[in-house]
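Peer 1: This is the content of work07.cif (mmCIF, C-alpha atoms):
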```cif
data_final
loop_
_atom_site.label_atom_id
_atom_site.label_comp_id
_atom_site.auth_asym_id
_atom_site.auth_seq_id
_atom_site.Cartn_x
_atom_site.Cartn_y
_atom_site.Cartn_z
CA MET E 589 87.96 129.56 115.64
CA ASN E 590 84.62 129.51 117.41
CA GLN E 591 82.94 132.30 115.49
CA ILE E 592 81.73 132.71 111.94
CA LYS E 593 84.27 134.71 109.89
CA SER E 594 83.99 136.10 106.36
CA ILE E 595 86.27 137.57 103.76
CA LEU E 596 84.43 140.10 101.60
CA PHE E 597 85.23 140.88 97.97
CA GLY E 598 83.80 144.14 96.71
CA THR E 599 85.14 144.26 93.15
CA LEU E 600 87.51 142.20 91.02
CA PHE E 601 89.09 143.70 87.93
CA LEU E 602 91.52 142.46 85.29
CA SER E 603 93.16 144.87 82.86
CA LEU E 604 95.51 143.80 80.09
CA ALA E 605 98.34 146.07 79.11
CA ILE E 606 99.34 147.48 75.77
CA PHE E 607 102.99 147.53 76.73
CA ALA E 608 104.16 149.97 74.05
CA SER E 609 101.97 152.71 75.49
CA ALA E 610 101.80 151.49 79.10
CA GLU E 611 98.01 151.73 78.90
CA TYR E 612 95.56 149.14 80.20
CA LYS E 613 92.29 147.97 78.76
CA LEU E 614 89.66 146.47 81.04
CA VAL E 615 88.86 142.93 79.81
CA TRP E 616 87.13 141.29 82.78
CA GLN E 617 85.40 142.34 85.98
CA ASP E 618 82.87 141.28 88.56
CA GLU E 619 81.24 143.77 90.90
CA PHE E 620 78.97 141.12 92.44
CA ASN E 621 75.72 142.77 91.56
CA GLY E 622 72.73 140.53 92.09
CA ASN E 623 72.15 137.76 94.60
CA SER E 624 74.08 134.75 93.28
CA LEU E 625 77.53 133.84 92.03
CA ASP E 626 77.92 134.37 88.28
CA LEU E 627 78.67 130.84 87.08
CA SER E 628 79.71 132.12 83.66
CA LYS E 629 82.74 133.60 85.43
CA TRP E 630 83.31 131.38 88.46
CA GLN E 631 83.20 127.79 89.59
CA TYR E 632 82.97 126.46 93.13
CA GLU E 633 85.72 124.29 94.55
CA VAL E 634 84.15 121.43 96.49
CA ASP E 635 86.80 119.56 98.44
CA CYS E 636 87.12 117.94 101.86
CA ASN E 637 90.79 117.07 101.43
CA GLY E 638 92.07 120.34 102.83
CA GLY E 639 93.33 121.74 99.55
CA GLY E 640 96.66 119.98 99.99
CA ASN E 641 97.50 121.79 103.21
CA ASN E 642 96.03 119.41 105.82
CA GLU E 643 93.34 121.99 106.48
CA LEU E 644 90.51 121.35 108.91
CA GLN E 645 87.62 122.44 106.70
CA CYS E 646 85.54 121.23 103.81
CA TYR E 647 85.11 123.67 100.93
CA THR E 648 81.46 123.65 99.85
CA ASN E 649 79.11 125.31 97.40
CA HIS E 650 76.64 126.10 100.18
CA ALA E 651 75.15 129.58 100.41
CA SER E 652 76.26 129.65 104.04
CA ASN E 653 79.89 129.55 102.82
CA VAL E 654 79.76 131.44 99.50
CA GLN E 655 77.16 134.15 99.05
CA VAL E 656 76.65 137.25 96.91
CA ARG E 657 74.67 140.07 98.47
CA ASP E 658 74.77 143.85 98.91
CA GLY E 659 77.35 144.22 96.13
CA SER E 660 79.90 141.88 97.73
CA LEU E 661 80.99 138.26 97.61
CA PHE E 662 81.08 136.76 101.11
CA VAL E 663 83.36 133.75 101.63
CA THR E 664 82.62 132.48 105.12
CA ALA E 665 84.30 129.95 107.41
CA ARG E 666 81.93 128.26 109.85
CA PRO E 667 82.44 125.89 112.78
CA GLU E 668 80.29 122.87 111.95
CA ASN E 669 80.73 119.13 111.62
CA TYR E 670 80.59 118.19 107.96
CA ASN E 671 81.87 115.03 106.24
CA GLY E 672 84.24 114.31 109.12
CA LYS E 673 85.66 117.85 109.28
CA GLN E 674 85.19 120.44 112.02
CA TYR E 675 84.64 123.45 109.76
CA THR E 676 83.27 124.50 106.39
CA SER E 677 84.42 127.31 104.14
CA GLY E 678 84.36 128.38 100.49
CA ARG E 679 86.70 128.70 97.53
CA VAL E 680 85.94 129.83 93.98
CA ASN E 681 88.05 130.17 90.84
CA THR E 682 87.86 131.20 87.17
CA LYS E 683 89.70 128.18 85.72
CA ALA E 684 86.86 126.89 83.56
CA ALA E 685 85.84 130.34 82.35
CA ALA E 686 88.94 132.47 81.79
CA SER E 687 92.69 132.62 82.26
CA TRP E 688 95.35 135.22 81.52
CA LYS E 689 99.08 135.70 81.10
CA TYR E 690 100.27 139.24 81.92
CA GLY E 691 98.03 142.06 83.01
CA LYS E 692 96.96 144.12 85.99
CA PHE E 693 94.86 142.20 88.50
CA GLU E 694 93.00 144.22 91.14
CA ILE E 695 90.90 142.82 93.97
CA ARG E 696 89.06 145.00 96.44
CA ALA E 697 88.63 142.96 99.61
CA LYS E 698 88.08 143.14 103.35
CA LEU E 699 89.95 140.47 105.29
CA PRO E 700 88.61 138.38 108.19
CA LYS E 701 89.99 138.52 111.72
CA GLY E 702 90.41 135.50 113.99
CA ASP E 703 92.83 132.76 114.98
CA TYR E 704 93.61 130.03 112.42
CA LEU E 705 92.18 131.95 109.46
CA TRP E 706 94.27 132.07 106.27
CA PRO E 707 92.69 134.33 103.62
CA ALA E 708 94.48 134.35 100.27
CA LEU E 709 94.21 135.55 96.67
CA TRP E 710 96.25 133.49 94.23
CA LEU E 711 96.75 132.37 90.64
CA LEU E 712 97.35 128.81 89.49
CA PRO E 713 98.10 127.65 85.93
CA ARG E 714 95.21 126.53 83.79
CA ASP E 715 97.44 123.88 82.24
CA SER E 716 100.25 122.41 84.35
CA VAL E 717 102.57 121.97 81.38
CA TYR E 718 105.72 121.75 83.49
CA GLY E 719 104.34 119.20 85.95
CA GLY E 720 102.35 119.10 89.19
CA TRP E 721 102.49 121.70 91.94
CA ALA E 722 104.64 123.68 92.14
CA ALA E 723 106.65 122.90 89.00
CA SER E 724 104.16 124.86 86.87
CA GLY E 725 104.04 127.75 89.32
CA GLU E 726 101.73 129.57 91.69
CA ILE E 727 101.39 133.33 92.20
CA ASP E 728 100.12 134.38 95.62
CA ILE E 729 98.92 137.95 95.23
CA MET E 730 98.09 138.17 98.93
CA GLU E 731 98.20 135.87 101.93
CA ALA E 732 97.36 136.88 105.48
CA ARG E 733 96.80 135.38 108.91
CA GLY E 734 93.62 136.14 110.79
CA GLN E 735 95.46 136.94 114.01
CA LEU E 736 97.90 139.33 112.24
CA THR E 737 95.59 141.61 110.29
CA ARG E 738 98.15 144.37 109.69
CA LYS E 739 100.48 142.03 107.76
CA ILE E 740 100.31 140.44 104.32
CA GLU E 741 102.80 138.72 102.04
CA SER E 742 103.16 137.87 98.36
CA THR E 743 104.90 134.74 97.11
CA LEU E 744 105.85 132.85 93.94
CA HIS E 745 106.00 129.05 94.24
CA HIS E 746 108.14 127.37 91.59
CA GLY E 747 110.98 124.92 90.90
CA SER E 748 110.36 121.19 90.94
CA GLY E 749 107.23 119.36 91.98
CA TRP E 750 106.43 118.94 95.69
CA PRO E 751 108.30 118.24 97.96
CA ASN E 752 111.26 119.66 96.02
CA ASN E 753 109.58 122.98 95.24
CA VAL E 754 110.93 126.34 96.35
CA TYR E 755 109.45 129.80 96.78
CA THR E 756 110.41 133.44 96.33
CA GLY E 757 108.49 136.06 98.27
CA SER E 758 108.19 139.32 100.12
CA GLY E 759 107.88 137.74 103.55
CA PRO E 760 105.36 139.30 105.97
CA ILE E 761 105.08 143.07 105.53
CA GLU E 762 103.35 145.21 108.11
CA PHE E 763 101.10 148.11 107.14
CA GLY E 764 99.64 150.87 109.27
CA ALA E 765 96.02 149.86 108.74
CA ASP E 766 94.09 146.95 110.19
CA LEU E 767 93.13 145.21 106.94
CA ALA E 768 90.11 143.57 108.59
CA GLU E 769 88.49 146.91 109.38
CA ASP E 770 87.82 148.12 105.82
CA PHE E 771 88.16 147.31 102.14
CA HIS E 772 91.57 147.64 100.47
CA VAL E 773 92.79 147.10 96.91
CA TYR E 774 95.31 144.30 96.34
CA THR E 775 97.11 144.55 92.99
CA LEU E 776 99.40 142.36 90.90
CA THR E 777 100.93 144.00 87.83
CA TRP E 778 102.43 141.20 85.71
CA GLU E 779 104.61 142.23 82.80
CA ARG E 780 107.09 140.27 80.69
CA ASP E 781 110.09 141.19 82.81
CA GLN E 782 108.68 141.77 86.27
CA MET E 783 105.83 141.45 88.73
CA GLN E 784 104.85 144.18 91.16
CA PHE E 785 102.61 143.70 94.18
CA ALA E 786 100.79 146.68 95.70
CA LEU E 787 98.34 147.57 98.45
CA ASP E 788 96.12 150.58 97.76
CA GLY E 789 98.52 151.67 95.03
CA ARG E 790 101.67 151.38 97.15
CA VAL E 791 104.14 148.91 95.62
CA TYR E 792 105.71 146.82 98.39
CA HIS E 793 107.33 143.97 96.43
CA THR E 794 108.91 143.67 92.97
CA VAL E 795 110.16 140.46 91.33
CA ASN E 796 112.54 140.38 88.37
CA LEU E 797 111.34 137.60 86.07
CA ASN E 798 114.58 137.35 84.07
CA ARG E 799 115.91 134.30 85.85
CA ASN E 800 115.68 130.52 85.89
CA TRP E 801 112.52 129.39 87.68
CA TYR E 802 112.87 125.64 87.18
CA GLY E 803 115.49 124.54 89.69
CA GLY E 804 114.21 122.75 92.79
CA ARG E 805 116.02 121.81 95.95
#
```
Please rewrite the model in this file as structure tokens.

Peer 2:
Amino acid sequence: MNQIKSILFGTLFLSLAIFASAEYKLVWQDEFNGNSLDLSKWQYEVDCNGGGNNELQCYTNHASNVQVRDGSLFVTARPENYNGKQYTSGRVNTKAAASWKYGKFEIRAKLPKGDYLWPALWLLPRDSVYGGWAASGEIDIMEARGQLTRKIESTLHHGSGWPNNVYTGSGPIEFGADLAEDFHVYTLTWERDQMQFALDGRVYHTVNLNRNWYGGR
């Protein structure tokens, strides 16, 4: 990765369902108007430990890595020496501001292209009541690889704590479009009995939630 690469977020929506009528009510959104991150909704993750994945970058709160402009949030990976790492990048979350169980989560995003890039949209528990990762779960709405920009996957991490955790997922699914060329809408619809994952309204993965999620390996 010898070039600067960005993932762009155009709009993030959360709608909560009234299940009896199958209607949704918008309860949270960010369209990234203005010129700075709305800290009433987001917090920066500042971490040089690789996020638990032996990653090569530091996550910073620098404007060069996380920036709001022109109606989009830019999360940018940069080759630079910083605190002993070779790269910097950005990560933000809503943990301190808001959390939800069930609902329709929609993210309009344009993915980056380039070797070694790993853009992702995911949910972690606010309170890890069943134990450390991944005993309390993780929902990956979308993961991609920068060198494979026509493929994405969605995954649930669960079971016991690491290294005895397991996962259930779609595996890589190929789409006709290059997802780094334009914005697309990534959706998780989370109901009591199932989760559905969709790209631009097309459901590509469904998970039945009526099962035991606590067994590890």

Peer 1: One decimal, Å: what's the distance from CA of Gly725 in chain E over to CA of Gly747 in chain E, could you say?

Peer 2: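 Answer for the CA of Gly725 in chain E to CA of Gly747 in chain E separation: 7.7 Å.
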
Peer 1: Grab the CA of Lys689 in chain E to CA of Asp618 in chain E distance for me, in Å with one decimal place.

Peer 2: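 Going from CA of Lys689 in chain E over to CA of Asp618 in chain E, I get 18.7 Å.
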
Peer 1: Let me make sure I understand: among E:Cys636, E:Leu699, E:Glu619, E:Ser748, which one has the smallest atom-to-atom distance to Asn669 in chain E if we use all atoms listed in the file?

Peer 2: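 Answer, going by the shortest atom-to-atom distance: E:Cys636.
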
Peer 1: Let me have the centre and edge lengths in Å, one decimal, of the box along x, y and z around every listed atom of range 668-678 of chain E with 5 Å of margin on each side, as AutoDock Vina command-line options.

Peer 2:
```
--center_x 83.0 --center_y 121.3 --center_z 106.3 --size_x 15.4 --size_y 24.1 --size_z 21.5
```

Peer 1: Under the rule of at most 12 Å, produce a per-residue listing of range 706-798 of chain E near range 656-665 of chain E: chain, number, name, the closest pair of atoms, and the distance in Å, as a tab-separated table, using all atoms listed in the file.

Peer 2:
```
residue	atom	partner	partner_atom	distance
E:Trp706	CA	E:Ala665	CA	10.3
E:Pro707	CA	E:Val663	CA	9.6
E:Ala708	CA	E:Val663	CA	11.2
E:Gly734	CA	E:Ala665	CA	11.7
E:Phe771	CA	E:Ser660	CA	10.8
```

Peer 1: Can you list, as a count of residues only, the residues that the PyMOL selection byres ((chain E and resi 784) around 10) selects here?

Peer 2: 19

Peer 1: Can you list, as an NGL selection string, every protein, DNA or RNA residue that comes within 10 Å of Leu767 in chain E when you count only C-alpha atoms, leaving out same-chain residues fewer than 5 positions away?

Peer 2: :E and (697-701 or 732 or 734 or 736-740 or 772)

Peer 1: Find the distance between CA of Asn641 in chain E and CA of Ile695 in chain E and write it in Å to one decimal.

Peer 2: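 Computed distance, CA of Asn641 in chain E to CA of Ile695 in chain E, equals 23.9 Å.
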
Peer 1: Set the distance at 6 Å and use all atoms listed in the file: which residues neighbour range 714-722 of chain E once local chain neighbours fewer than 4 positions away are removed? I'd like the list as a PyMOL selection string.

Peer 2: chain E and resi 745-746+749+753

Peer 1: Carefully work through the PyMOL selection byres ((chain E and resi 651) around 12) for this structure and note down the residues it includes, as an mmCIF file with C-alpha atoms, in the coordinates of the input.

Peer 2:
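Okay, this is what ended up in expr.cif:
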```
data_model
loop_
_atom_site.group_PDB
_atom_site.id
_atom_site.type_symbol
_atom_site.label_atom_id
_atom_site.label_comp_id
_atom_site.auth_asym_id
_atom_site.auth_seq_id
_atom_site.Cartn_x
_atom_site.Cartn_y
_atom_site.Cartn_z
ATOM 1 C CA ASN E 623 72.150 137.760 94.600
ATOM 2 C CA SER E 624 74.080 134.750 93.280
ATOM 3 C CA LEU E 625 77.530 133.840 92.030
ATOM 4 C CA TYR E 632 82.970 126.460 93.130
ATOM 5 C CA TYR E 647 85.110 123.670 100.930
ATOM 6 C CA THR E 648 81.460 123.650 99.850
ATOM 7 C CA ASN E 649 79.110 125.310 97.400
ATOM 8 C CA HIS E 650 76.640 126.100 100.180
ATOM 9 C CA SER E 652 76.260 129.650 104.040
ATOM 10 C CA ASN E 653 79.890 129.550 102.820
ATOM 11 C CA VAL E 654 79.760 131.440 99.500
ATOM 12 C CA GLN E 655 77.160 134.150 99.050
ATOM 13 C CA VAL E 656 76.650 137.250 96.910
ATOM 14 C CA ARG E 657 74.670 140.070 98.470
ATOM 15 C CA LEU E 661 80.990 138.260 97.610
ATOM 16 C CA PHE E 662 81.080 136.760 101.110
ATOM 17 C CA VAL E 663 83.360 133.750 101.630
ATOM 18 C CA THR E 664 82.620 132.480 105.120
ATOM 19 C CA ALA E 665 84.300 129.950 107.410
ATOM 20 C CA ARG E 666 81.930 128.260 109.850
ATOM 21 C CA THR E 676 83.270 124.500 106.390
ATOM 22 C CA SER E 677 84.420 127.310 104.140
ATOM 23 C CA GLY E 678 84.360 128.380 100.490
ATOM 24 C CA ARG E 679 86.700 128.700 97.530
#
```
